[in-house]
Every structure is written in C-alpha cells, then in structure tokens.
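Novice: This one is model.txt, compact mmCIF, N, CA, C and O atoms.
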# COMPACT_ATOMS: atom_id res chain seq x y z
N MET F 1 149.77 50.86 12.42
CA MET F 1 148.67 50.73 13.35
C MET F 1 147.36 50.87 12.57
O MET F 1 147.18 51.81 11.81
N SER F 2 146.45 49.94 12.76
CA SER F 2 145.16 50.01 12.07
C SER F 2 144.16 50.78 12.92
O SER F 2 144.40 51.03 14.11
N ILE F 3 143.03 51.11 12.34
CA ILE F 3 142.00 51.83 13.08
C ILE F 3 141.44 50.98 14.22
O ILE F 3 140.86 51.50 15.16
N PHE F 4 141.62 49.67 14.13
CA PHE F 4 141.10 48.78 15.16
C PHE F 4 142.03 48.68 16.37
O PHE F 4 141.64 48.16 17.41
N ASP F 5 143.26 49.14 16.24
CA ASP F 5 144.23 49.07 17.32
C ASP F 5 144.21 50.30 18.22
O ASP F 5 144.72 50.26 19.32
N ARG F 6 143.64 51.38 17.74
CA ARG F 6 143.65 52.63 18.48
C ARG F 6 142.45 52.69 19.43
O ARG F 6 141.31 52.46 19.02
N VAL F 7 142.69 52.98 20.69
CA VAL F 7 141.63 53.05 21.69
C VAL F 7 141.16 54.50 21.82
O VAL F 7 141.97 55.41 21.98
N HIS F 8 139.86 54.69 21.75
CA HIS F 8 139.26 56.02 21.89
C HIS F 8 138.42 56.03 23.16
O HIS F 8 137.53 55.20 23.32
N ASN F 9 138.70 56.96 24.03
CA ASN F 9 137.93 57.09 25.26
C ASN F 9 136.62 57.79 24.94
O ASN F 9 136.61 58.97 24.60
N ARG F 10 135.51 57.09 25.06
CA ARG F 10 134.21 57.66 24.72
C ARG F 10 133.39 58.02 25.96
O ARG F 10 132.22 58.37 25.85
N LEU F 11 134.02 57.95 27.12
CA LEU F 11 133.32 58.35 28.34
C LEU F 11 132.98 59.83 28.29
O LEU F 11 133.77 60.65 27.80
N ASN F 12 131.81 60.16 28.78
CA ASN F 12 131.33 61.55 28.83
C ASN F 12 131.23 62.20 27.45
O ASN F 12 131.48 63.39 27.29
N THR F 13 130.89 61.39 26.45
CA THR F 13 130.68 61.91 25.09
C THR F 13 129.24 61.69 24.64
O THR F 13 128.96 61.71 23.45
N ARG F 14 128.35 61.43 25.60
CA ARG F 14 126.96 61.12 25.33
C ARG F 14 126.81 59.79 24.61
O ARG F 14 125.87 59.56 23.86
N SER F 15 127.75 58.90 24.84
CA SER F 15 127.72 57.56 24.26
C SER F 15 126.79 56.68 25.09
O SER F 15 127.03 56.43 26.27
N MET F 16 125.73 56.21 24.46
CA MET F 16 124.78 55.35 25.17
C MET F 16 125.50 54.11 25.69
O MET F 16 125.27 53.67 26.82
N LYS F 17 126.38 53.59 24.88
CA LYS F 17 127.10 52.36 25.23
C LYS F 17 127.93 52.53 26.50
O LYS F 17 127.93 51.65 27.36
N TRP F 18 128.64 53.62 26.60
CA TRP F 18 129.56 53.81 27.71
C TRP F 18 128.99 54.63 28.86
O TRP F 18 129.23 54.35 30.02
N ASP F 19 128.24 55.66 28.56
CA ASP F 19 127.79 56.57 29.61
C ASP F 19 126.55 56.11 30.36
O ASP F 19 126.21 56.67 31.39
N LEU F 20 125.86 55.09 29.87
CA LEU F 20 124.66 54.60 30.56
C LEU F 20 124.86 53.25 31.24
O LEU F 20 123.90 52.63 31.68
N ARG F 21 126.09 52.80 31.35
CA ARG F 21 126.34 51.49 31.96
C ARG F 21 125.79 51.40 33.37
O ARG F 21 125.08 50.45 33.71
N GLU F 22 126.08 52.38 34.20
CA GLU F 22 125.61 52.32 35.59
C GLU F 22 124.09 52.44 35.66
O GLU F 22 123.44 51.73 36.44
N PHE F 23 123.51 53.30 34.86
CA PHE F 23 122.06 53.47 34.85
C PHE F 23 121.36 52.16 34.45
O PHE F 23 120.38 51.76 35.07
N ILE F 24 121.86 51.51 33.42
CA ILE F 24 121.21 50.31 32.91
C ILE F 24 121.52 49.08 33.75
O ILE F 24 120.64 48.28 34.06
N PHE F 25 122.78 48.92 34.15
CA PHE F 25 123.21 47.69 34.83
C PHE F 25 123.55 47.88 36.31
O PHE F 25 123.96 46.94 36.96
N GLN F 26 123.41 49.11 36.82
CA GLN F 26 123.77 49.44 38.20
C GLN F 26 125.23 49.05 38.48
O GLN F 26 125.58 48.67 39.60
N ASN F 27 126.06 49.18 37.46
CA ASN F 27 127.46 48.81 37.59
C ASN F 27 128.23 49.42 36.42
O ASN F 27 127.83 49.27 35.28
N GLU F 28 129.32 50.11 36.72
CA GLU F 28 130.15 50.67 35.64
C GLU F 28 131.29 49.73 35.26
O GLU F 28 131.94 49.94 34.24
N ASP F 29 131.54 48.71 36.05
CA ASP F 29 132.66 47.81 35.81
C ASP F 29 132.23 46.64 34.92
O ASP F 29 132.31 45.47 35.31
N ILE F 30 131.72 46.97 33.75
CA ILE F 30 131.31 45.96 32.78
C ILE F 30 131.76 46.39 31.39
O ILE F 30 132.02 47.57 31.14
N LEU F 31 131.86 45.43 30.50
CA LEU F 31 132.10 45.74 29.10
C LEU F 31 130.74 45.90 28.44
O LEU F 31 129.93 44.97 28.44
N PRO F 32 130.45 47.06 27.88
CA PRO F 32 129.12 47.32 27.32
C PRO F 32 128.95 46.69 25.93
O PRO F 32 128.98 47.37 24.91
N MET F 33 128.78 45.40 25.91
CA MET F 33 128.65 44.69 24.64
C MET F 33 127.18 44.47 24.27
O MET F 33 126.86 43.69 23.39
N TRP F 34 126.28 45.17 24.93
CA TRP F 34 124.86 45.00 24.72
C TRP F 34 124.34 45.81 23.54
O TRP F 34 123.19 45.64 23.12
N VAL F 35 125.16 46.68 23.00
CA VAL F 35 124.71 47.52 21.89
C VAL F 35 125.76 47.48 20.78
O VAL F 35 126.96 47.45 21.05
N ALA F 36 125.29 47.42 19.54
CA ALA F 36 126.20 47.38 18.39
C ALA F 36 126.67 48.79 18.08
O ALA F 36 126.10 49.49 17.25
N ASP F 37 127.69 49.23 18.77
CA ASP F 37 128.23 50.57 18.61
C ASP F 37 129.70 50.42 18.26
O ASP F 37 130.35 49.46 18.67
N MET F 38 130.22 51.36 17.52
CA MET F 38 131.61 51.26 17.09
C MET F 38 132.47 52.20 17.91
O MET F 38 132.10 53.34 18.14
N ASP F 39 133.61 51.71 18.31
CA ASP F 39 134.54 52.51 19.10
C ASP F 39 135.79 52.85 18.30
O ASP F 39 136.87 52.97 18.85
N PHE F 40 135.61 52.98 17.00
CA PHE F 40 136.72 53.45 16.17
C PHE F 40 136.21 54.52 15.23
O PHE F 40 135.02 54.62 14.96
N GLN F 41 137.13 55.35 14.78
CA GLN F 41 136.75 56.48 13.93
C GLN F 41 136.38 56.02 12.53
O GLN F 41 136.91 55.04 12.02
N ALA F 42 135.47 56.79 11.93
CA ALA F 42 135.12 56.54 10.53
C ALA F 42 136.32 56.88 9.65
O ALA F 42 137.20 57.66 10.05
N PRO F 43 136.38 56.32 8.45
CA PRO F 43 137.48 56.66 7.54
C PRO F 43 137.52 58.15 7.24
O PRO F 43 136.48 58.83 7.23
N ARG F 44 138.69 58.66 7.00
CA ARG F 44 138.90 60.08 6.71
C ARG F 44 137.97 60.55 5.59
O ARG F 44 137.39 61.64 5.66
N GLU F 45 137.80 59.74 4.55
CA GLU F 45 136.96 60.13 3.42
C GLU F 45 135.51 60.34 3.84
O GLU F 45 134.83 61.23 3.33
N VAL F 46 135.04 59.52 4.76
CA VAL F 46 133.66 59.67 5.25
C VAL F 46 133.53 60.97 6.04
O VAL F 46 132.59 61.73 5.85
N ASN F 47 134.49 61.22 6.93
CA ASN F 47 134.46 62.47 7.70
C ASN F 47 134.51 63.69 6.79
O ASN F 47 133.78 64.67 7.00
N GLU F 48 135.36 63.65 5.77
CA GLU F 48 135.47 64.78 4.85
C GLU F 48 134.16 65.00 4.09
O GLU F 48 133.74 66.14 3.89
N ALA F 49 133.51 63.92 3.66
CA ALA F 49 132.24 64.04 2.93
C ALA F 49 131.16 64.63 3.83
O ALA F 49 130.37 65.48 3.39
N LEU F 50 131.14 64.23 5.10
CA LEU F 50 130.16 64.78 6.03
C LEU F 50 130.41 66.25 6.30
O LEU F 50 129.46 67.06 6.34
N ILE F 51 131.67 66.61 6.45
CA ILE F 51 132.02 68.02 6.68
C ILE F 51 131.62 68.86 5.47
O ILE F 51 131.01 69.93 5.62
N LYS F 52 131.93 68.38 4.28
CA LYS F 52 131.58 69.11 3.05
C LYS F 52 130.07 69.31 2.97
O LYS F 52 129.60 70.41 2.65
N ARG F 53 129.30 68.28 3.28
CA ARG F 53 127.84 68.39 3.23
C ARG F 53 127.33 69.34 4.31
O ARG F 53 126.45 70.15 4.07
N ALA F 54 127.91 69.26 5.50
CA ALA F 54 127.48 70.13 6.61
C ALA F 54 127.79 71.59 6.33
O ALA F 54 127.06 72.48 6.76
N GLU F 55 128.86 71.88 5.58
CA GLU F 55 129.21 73.25 5.27
C GLU F 55 128.15 73.93 4.40
O GLU F 55 128.06 75.15 4.37
N HIS F 56 127.33 73.15 3.73
CA HIS F 56 126.22 73.71 2.96
C HIS F 56 125.28 74.47 3.88
O HIS F 56 124.74 75.51 3.51
N GLY F 57 125.08 73.94 5.09
CA GLY F 57 124.33 74.63 6.12
C GLY F 57 122.82 74.45 6.09
O GLY F 57 122.13 74.95 6.97
N ILE F 58 122.30 73.76 5.10
CA ILE F 58 120.85 73.53 5.04
C ILE F 58 120.61 72.03 5.16
O ILE F 58 121.15 71.25 4.39
N TYR F 59 119.78 71.67 6.14
CA TYR F 59 119.55 70.25 6.43
C TYR F 59 118.11 69.88 6.10
O TYR F 59 117.30 69.61 6.97
N GLY F 60 117.77 69.87 4.85
CA GLY F 60 116.42 69.53 4.44
C GLY F 60 116.33 68.09 3.97
O GLY F 60 117.28 67.31 4.06
N TYR F 61 115.16 67.75 3.49
CA TYR F 61 114.96 66.41 2.95
C TYR F 61 115.70 66.28 1.63
O TYR F 61 115.73 67.21 0.82
N THR F 62 116.28 65.13 1.40
CA THR F 62 117.03 64.91 0.17
C THR F 62 116.43 63.76 -0.62
O THR F 62 115.72 62.92 -0.08
N VAL F 63 116.71 63.76 -1.89
CA VAL F 63 116.22 62.73 -2.79
C VAL F 63 117.21 61.56 -2.80
O VAL F 63 118.41 61.78 -2.91
N VAL F 64 116.68 60.37 -2.66
CA VAL F 64 117.51 59.18 -2.82
C VAL F 64 117.22 58.66 -4.22
O VAL F 64 116.19 58.03 -4.47
N ASP F 65 118.12 58.96 -5.14
CA ASP F 65 117.88 58.60 -6.54
C ASP F 65 118.40 57.20 -6.84
O ASP F 65 118.95 56.51 -5.99
N ASN F 66 118.21 56.78 -8.09
CA ASN F 66 118.61 55.43 -8.48
C ASN F 66 120.12 55.23 -8.41
O ASN F 66 120.58 54.11 -8.20
N ALA F 67 120.89 56.28 -8.57
CA ALA F 67 122.35 56.14 -8.47
C ALA F 67 122.75 55.70 -7.06
O ALA F 67 123.62 54.85 -6.89
N VAL F 68 122.10 56.27 -6.06
CA VAL F 68 122.37 55.87 -4.67
C VAL F 68 121.94 54.43 -4.47
O VAL F 68 122.67 53.60 -3.91
N LYS F 69 120.72 54.11 -4.90
CA LYS F 69 120.22 52.75 -4.74
C LYS F 69 121.08 51.74 -5.48
O LYS F 69 121.37 50.66 -4.95
N ASP F 70 121.49 52.07 -6.69
CA ASP F 70 122.34 51.16 -7.46
C ASP F 70 123.68 50.92 -6.78
O ASP F 70 124.21 49.81 -6.82
N SER F 71 124.24 51.95 -6.16
CA SER F 71 125.52 51.77 -5.48
C SER F 71 125.37 50.80 -4.31
O SER F 71 126.26 49.99 -4.03
N ILE F 72 124.23 50.84 -3.62
CA ILE F 72 123.99 49.91 -2.51
C ILE F 72 123.79 48.51 -3.04
O ILE F 72 124.37 47.54 -2.52
N VAL F 73 122.99 48.37 -4.09
CA VAL F 73 122.76 47.06 -4.70
C VAL F 73 124.09 46.45 -5.14
O VAL F 73 124.38 45.27 -4.88
N ASN F 74 124.94 47.25 -5.79
CA ASN F 74 126.25 46.75 -6.25
C ASN F 74 127.17 46.40 -5.10
O ASN F 74 127.92 45.42 -5.16
N TRP F 75 127.14 47.20 -4.04
CA TRP F 75 127.98 46.93 -2.88
C TRP F 75 127.60 45.60 -2.23
O TRP F 75 128.45 44.79 -1.91
N VAL F 76 126.29 45.38 -2.06
CA VAL F 76 125.83 44.13 -1.45
C VAL F 76 126.22 42.95 -2.33
O VAL F 76 126.67 41.90 -1.83
N LYS F 77 126.11 43.08 -3.64
CA LYS F 77 126.49 42.01 -4.57
C LYS F 77 127.99 41.73 -4.48
O LYS F 77 128.42 40.58 -4.37
N THR F 78 128.79 42.78 -4.47
CA THR F 78 130.24 42.63 -4.44
C THR F 78 130.72 42.07 -3.11
O THR F 78 131.56 41.16 -3.07
N ARG F 79 130.20 42.60 -2.00
CA ARG F 79 130.68 42.20 -0.68
C ARG F 79 130.09 40.90 -0.18
O ARG F 79 130.73 40.17 0.58
N HIS F 80 128.82 40.62 -0.56
CA HIS F 80 128.13 39.47 0.02
C HIS F 80 127.61 38.47 -1.00
O HIS F 80 126.94 37.51 -0.62
N ASP F 81 127.88 38.73 -2.28
CA ASP F 81 127.41 37.86 -3.35
C ASP F 81 125.91 37.61 -3.23
O ASP F 81 125.42 36.49 -3.36
N TRP F 82 125.18 38.68 -2.95
CA TRP F 82 123.73 38.61 -2.77
C TRP F 82 123.09 39.64 -3.67
O TRP F 82 123.39 40.83 -3.59
N GLU F 83 122.21 39.20 -4.53
CA GLU F 83 121.53 40.11 -5.44
C GLU F 83 120.24 40.59 -4.81
O GLU F 83 119.35 39.79 -4.52
N ILE F 84 120.17 41.90 -4.58
CA ILE F 84 118.97 42.50 -4.04
C ILE F 84 118.36 43.43 -5.07
O ILE F 84 119.02 43.84 -6.02
N ASN F 85 117.09 43.75 -4.88
CA ASN F 85 116.40 44.67 -5.79
C ASN F 85 116.34 46.06 -5.17
O ASN F 85 116.23 46.20 -3.96
N ARG F 86 116.39 47.06 -6.02
CA ARG F 86 116.25 48.44 -5.56
C ARG F 86 114.99 48.63 -4.72
O ARG F 86 114.99 49.36 -3.74
N GLU F 87 113.92 47.96 -5.13
CA GLU F 87 112.63 48.13 -4.47
C GLU F 87 112.64 47.63 -3.03
O GLU F 87 111.75 47.97 -2.24
N TRP F 88 113.59 46.81 -2.68
CA TRP F 88 113.68 46.30 -1.31
C TRP F 88 114.23 47.35 -0.35
O TRP F 88 114.09 47.21 0.86
N LEU F 89 114.87 48.36 -0.88
CA LEU F 89 115.53 49.37 -0.04
C LEU F 89 114.51 50.39 0.48
O LEU F 89 113.63 50.82 -0.26
N SER F 90 114.68 50.74 1.73
CA SER F 90 113.82 51.73 2.36
C SER F 90 114.69 52.71 3.10
O SER F 90 115.62 52.31 3.82
N PHE F 91 114.43 53.98 2.96
CA PHE F 91 115.25 55.01 3.59
C PHE F 91 114.41 55.85 4.53
O PHE F 91 113.25 56.12 4.26
N CYS F 92 115.00 56.22 5.63
CA CYS F 92 114.28 57.10 6.56
C CYS F 92 115.25 58.06 7.21
O CYS F 92 116.42 57.89 7.16
Output the file's structure in the form of structure tokens.
Specialist:
Amino acid sequence: MSIFDRVHNRLNTRSMKWDLREFIFQNEDILPMWVADMDFQAPREVNEALIKRAEHGIYGYTVVDNAVKDSIVNWVKTRHDWEINREWLSFC
C-alpha cells in the first residue's frame, strides 16, 4: 500500500480544506479541490527531522546558508532539468 492509497480523515483537525467547506460554499457535500492541500502523511524521515528539531525547544530565526540553497538548486536541476540561481531563492 502506498501513501497515496491510505485515506486520512482530516475533519475537525483545523483543516481549511475540509473544515471550512460549509462556511465557504454553504455546502459540506463537495470535494474541496479549491486549495492545494495534501491529504497524505509526510515521509517518516521528514517527520523525524521535524521532531528532532522541535526537541531543541527554541524557535528562533535561522540562517539559510549556501548548503541549503545549493541543495534546492540541485534538486530543481535533477527533478526538472531546470538550472536556477541561488540568488533567485527567497525565504520567509
């Protein structure tokens, strides 16, 4: 079973996509395809990295160094055969 085959009930989880259907459309009997939201879990490795970072307990501003930017540039080149420049990247 892939991550795309498993159904996750996101009702009452503060999901804008699912919990605001009636408010936005005055109808709950619709498929909320109006927002690009994912209804599958992140990979285990991503969850573990987030947990490890959260265990630090301090949520301050962080530096986005060239190693981070280079990994994005390389990912875009590998996945999309598109060469981008580090300077094009903006973080917020």
Novice: Excluding Trp82 of chain F and residues on its chain fewer than 6 positions from it, collect all residues at most 7 Å away from it, counting all atoms listed in the file, and give them as a list in words.
Specialist: Ile72, Val73, Asn74, Trp75 and Val76 of chain F
Novice: So the first atom is atom CA of Ser2 of chain F and the second is atom CA of Arg53 of chain F; what is the distance between them in Å, to one decimal place?
Specialist: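 Distance between the two atoms: 26.8 Å.
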Novice: Give me the residues within 7 Å of Phe40 of chain F as a PDB file with N, CA, C and O atoms, in the coordinates of the input, counting only N, CA, C and O atoms and dropping any in the same chain fewer than 6 places off.
Specialist:
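Once everything was written out, this is part_20.pdb:
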ATOM      1  N   ILE F   3     143.030  51.110  12.340  1.00  0.00           N
ATOM      2  CA  ILE F   3     142.000  51.830  13.080  1.00  0.00           C
ATOM      3  C   ILE F   3     141.440  50.980  14.220  1.00  0.00           C
ATOM      4  O   ILE F   3     140.860  51.500  15.160  1.00  0.00           O
ATOM      5  N   PHE F   4     141.620  49.670  14.130  1.00  0.00           N
ATOM      6  CA  PHE F   4     141.100  48.780  15.160  1.00  0.00           C
ATOM      7  C   PHE F   4     142.030  48.680  16.370  1.00  0.00           C
ATOM      8  O   PHE F   4     141.640  48.160  17.410  1.00  0.00           O
ATOM      9  N   ARG F   6     143.640  51.380  17.740  1.00  0.00           N
ATOM     10  CA  ARG F   6     143.650  52.630  18.480  1.00  0.00           C
ATOM     11  C   ARG F   6     142.450  52.690  19.430  1.00  0.00           C
ATOM     12  O   ARG F   6     141.310  52.460  19.020  1.00  0.00           O
ATOM     13  N   HIS F   8     139.860  54.690  21.750  1.00  0.00           N
ATOM     14  CA  HIS F   8     139.260  56.020  21.890  1.00  0.00           C
ATOM     15  C   HIS F   8     138.420  56.030  23.160  1.00  0.00           C
ATOM     16  O   HIS F   8     137.530  55.200  23.320  1.00  0.00           O
TER      17      HIS F   8
END
Novice: For atom C of Val7 of chain F and atom O of Asp39 of chain F, determine how far apart the two atoms are, in Å to one decimal place.
Specialist: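 Those two atoms sit 5.4 Å apart.
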Novice: Show me, as a PyMOL selection string, the residues that have an atom within 12 Å of segment 9-14 of chain F when counting only C-alpha atoms, minus same-chain residues fewer than 6 positions from it.
Specialist: chain F and resi 20-21+28+32+37-41
Novice: Write out as a PyMOL selection string the set of residues from chain F that DSSP, computed on the backbone, places in alpha helix (DSSP H).
Specialist: chain F and resi 16-19+21-25+44-55+66-80
Novice: Could you jot down the atom O of Lys69 of chain F to atom N of Asn85 of chain F separation for me, Å, one decimal place?
Specialist: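 Atom-to-atom, atom O of Lys69 of chain F and atom N of Asn85 of chain F are spaced 8.1 Å apart.
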Novice: Please write out, as lines of an AutoDock Vina configuration file, where the centre of an axis-aligned box around all listed atoms of segment 51-70 of chain F lies and how long its edges are, in Å to one decimal, after adding 4 Å on each side.
Specialist:
center_x = 123.5
center_y = 62.7
center_z = -0.8
size_x = 25.1
size_y = 33.7
size_z = 23.5
